[in-house]
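Worksheet: the structure to be examined is printed underneath.
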Amino acid sequence: MVLAMVLALVAQADETMEARAERLSWDKKTREQSLKVFEELLQAQPGRTELRLKYARVMSWMPSKRRQAIAEFERALKDKENAEARLGLGGALLWEGRPWAALREADRILSADPLYGEALLLKAQIMEQ
């Protein structure tokens, strides 16, 4: 009983930290703080793919961290296919100036789901360039 209560409190605290990390990511001035909170959470829960994707997404918005973001998206894809990870990877590759690599990621998503809206949008953004 006590263990269940402690585990529930830990989960609640982690959720609050995760929400805080996301809030901090919205402002360029606090993105570094956001990354530190995500890193703390990932140390405690390294297997949480959705958390790793949020962390990578924030890094992808920062030109100086974009290569790290690409590595994190690729790390998330090592275990299993994940359209959200592939979409983030494609966006980061595009922003890194690698449109052909980004197009390959968009096409991989669309081969599995031809109507995946965000992948179609990514492909349109690539084609505009």
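FYI, nothing fancy with the structure tokens labels: chains A, B, ... in order, residues from 1 per chain, ligands from 1 as they appear.
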So that I can check the surroundings of segment 29-39 of chain A, please list as number ranges by chain every protein, DNA and RNA residue that reaches within 12 Å of it, counting only C-alpha atoms and ignoring chain neighbours fewer than 5 positions away. A: 14-24, 44-46, 48, 50-62, 64-65, 68-69, 72
Hey, can you spit out that residue selection with N, CA and C atoms as a CSV table (one decimal), in the first residue's frame?
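Final output, again-v4.csv:
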chain,number,residue,atom,x,y,z
A,14,ASP,N,7.1,13.3,-11.7
A,14,ASP,CA,7.7,13.2,-13.0
A,14,ASP,C,6.9,13.9,-14.1
A,15,GLU,N,5.6,13.7,-14.0
A,15,GLU,CA,4.6,14.3,-14.9
A,15,GLU,C,4.7,15.8,-14.8
A,16,THR,N,4.8,16.3,-13.6
A,16,THR,CA,4.9,17.7,-13.3
A,16,THR,C,6.2,18.3,-13.9
A,17,MET,N,7.3,17.5,-13.7
A,17,MET,CA,8.6,17.9,-14.3
A,17,MET,C,8.5,18.0,-15.8
A,18,GLU,N,7.9,17.0,-16.3
A,18,GLU,CA,7.7,16.9,-17.8
A,18,GLU,C,6.9,18.1,-18.3
A,19,ALA,N,5.9,18.4,-17.7
A,19,ALA,CA,5.1,19.6,-18.1
A,19,ALA,C,5.9,20.9,-18.0
A,20,ARG,N,6.7,21.0,-16.9
A,20,ARG,CA,7.6,22.1,-16.7
A,20,ARG,C,8.6,22.2,-17.8
A,21,ALA,N,9.2,21.1,-18.2
A,21,ALA,CA,10.2,21.0,-19.3
A,21,ALA,C,9.5,21.5,-20.6
A,22,GLU,N,8.3,21.1,-20.8
A,22,GLU,CA,7.6,21.5,-22.1
A,22,GLU,C,7.3,23.0,-22.0
A,23,ARG,N,6.9,23.5,-20.9
A,23,ARG,CA,6.6,24.9,-20.8
A,23,ARG,C,7.9,25.7,-21.0
A,24,LEU,N,9.0,25.3,-20.4
A,24,LEU,CA,10.3,26.0,-20.6
A,24,LEU,C,10.7,26.0,-22.0
A,44,ALA,N,16.3,9.1,-15.2
A,44,ALA,CA,15.5,8.3,-14.3
A,44,ALA,C,14.7,7.3,-15.1
A,45,GLN,N,14.3,7.6,-16.4
A,45,GLN,CA,13.5,6.8,-17.2
A,45,GLN,C,14.0,6.7,-18.6
A,46,PRO,N,15.2,6.1,-18.8
A,46,PRO,CA,15.8,6.1,-20.2
A,46,PRO,C,15.0,5.3,-21.2
A,48,ARG,N,11.8,5.6,-21.9
A,48,ARG,CA,10.5,6.3,-22.3
A,48,ARG,C,10.7,7.0,-23.6
A,50,GLU,N,8.6,8.4,-25.7
A,50,GLU,CA,7.9,9.7,-26.0
A,50,GLU,C,8.6,10.8,-25.3
A,51,LEU,N,9.3,10.5,-24.1
A,51,LEU,CA,10.1,11.6,-23.5
A,51,LEU,C,11.3,11.9,-24.3
A,52,ARG,N,12.0,10.9,-24.8
A,52,ARG,CA,13.1,11.1,-25.6
A,52,ARG,C,12.8,11.9,-26.9
A,53,LEU,N,11.6,11.7,-27.4
A,53,LEU,CA,11.2,12.4,-28.6
A,53,LEU,C,10.9,13.9,-28.3
A,54,LYS,N,10.3,14.2,-27.1
A,54,LYS,CA,10.1,15.6,-26.7
A,54,LYS,C,11.5,16.3,-26.5
A,55,TYR,N,12.4,15.6,-25.9
A,55,TYR,CA,13.8,16.1,-25.7
A,55,TYR,C,14.4,16.4,-27.1
A,56,ALA,N,14.3,15.5,-28.0
A,56,ALA,CA,14.9,15.6,-29.3
A,56,ALA,C,14.2,16.8,-30.1
A,57,ARG,N,12.9,16.9,-29.9
A,57,ARG,CA,12.2,17.9,-30.6
A,57,ARG,C,12.7,19.3,-30.2
A,58,VAL,N,12.8,19.5,-28.9
A,58,VAL,CA,13.3,20.8,-28.3
A,58,VAL,C,14.7,21.1,-28.9
A,59,MET,N,15.6,20.1,-28.9
A,59,MET,CA,16.9,20.3,-29.4
A,59,MET,C,16.9,20.6,-30.9
A,60,SER,N,15.9,20.1,-31.6
A,60,SER,CA,15.9,20.3,-33.1
A,60,SER,C,15.5,21.8,-33.4
A,61,TRP,N,15.0,22.5,-32.4
A,61,TRP,CA,14.6,23.9,-32.6
A,61,TRP,C,15.8,24.8,-32.4
A,62,MET,N,16.9,24.2,-31.9
A,62,MET,CA,18.1,25.0,-31.6
A,62,MET,C,19.2,24.6,-32.5
A,64,SER,N,22.3,25.0,-32.7
A,64,SER,CA,23.6,24.4,-32.1
A,64,SER,C,23.4,23.0,-31.5
A,65,LYS,N,22.2,22.6,-31.4
A,65,LYS,CA,21.9,21.2,-30.8
A,65,LYS,C,21.2,20.3,-31.9
A,68,GLN,N,22.6,16.8,-32.3
A,68,GLN,CA,22.3,16.0,-31.1
A,68,GLN,C,20.8,15.5,-31.3
A,69,ALA,N,20.0,16.4,-31.7
A,69,ALA,CA,18.6,16.0,-31.9
A,69,ALA,C,18.4,14.9,-32.9
A,72,GLU,N,19.3,11.7,-31.3
A,72,GLU,CA,18.3,11.2,-30.4
A,72,GLU,C,17.1,10.6,-31.2
If we count only C-alpha atoms and set the cut-off at 12 Å, which residues sit around Glu128 of chain A, ignoring sequence neighbours fewer than 5 positions away in its own chain? Please answer as a ChimeraX atom specification. /A:94,99,103,121-123
Please produce a file of those selected residues containing C-alpha atoms, as an mmCIF file, in the first residue's frame.
data_model
loop_
_atom_site.group_PDB
_atom_site.id
_atom_site.type_symbol
_atom_site.label_atom_id
_atom_site.label_comp_id
_atom_site.auth_asym_id
_atom_site.auth_seq_id
_atom_site.Cartn_x
_atom_site.Cartn_y
_atom_site.Cartn_z
ATOM 1 C CA LEU A 94 15.555 19.602 -43.340
ATOM 2 C CA PRO A 99 16.473 18.002 -47.794
ATOM 3 C CA LEU A 103 12.524 13.517 -48.023
ATOM 4 C CA LEU A 121 3.219 18.632 -44.807
ATOM 5 C CA LEU A 122 6.913 17.854 -44.299
ATOM 6 C CA LYS A 123 7.137 16.609 -47.882
#
State, in Å with one decimal place, the distance from atom CA of Tyr116 of chain A to atom CA of Arg66 of chain A.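 Interatomic distance, atom CA of Tyr116 of chain A to atom CA of Arg66 of chain A: 24.2 Å.
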For the alpha helix (DSSP H) assignment from backbone DSSP, which residues of segment 6-72 of chain A qualify? Please present them as an MDAnalysis selection string. chainID A and resid 6:25 31:44 49:60 66:72
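Across the model, the gap from atom CA of Arg108 of chain A to atom CA of Leu77 of chain A is 12.3 Å.
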Point out the residue among A:Gly90, A:Pro63, A:Arg98, A:Thr49 with the least atom-to-atom distance to Lys78 of chain A, counting only C-alpha atoms. A:Thr49
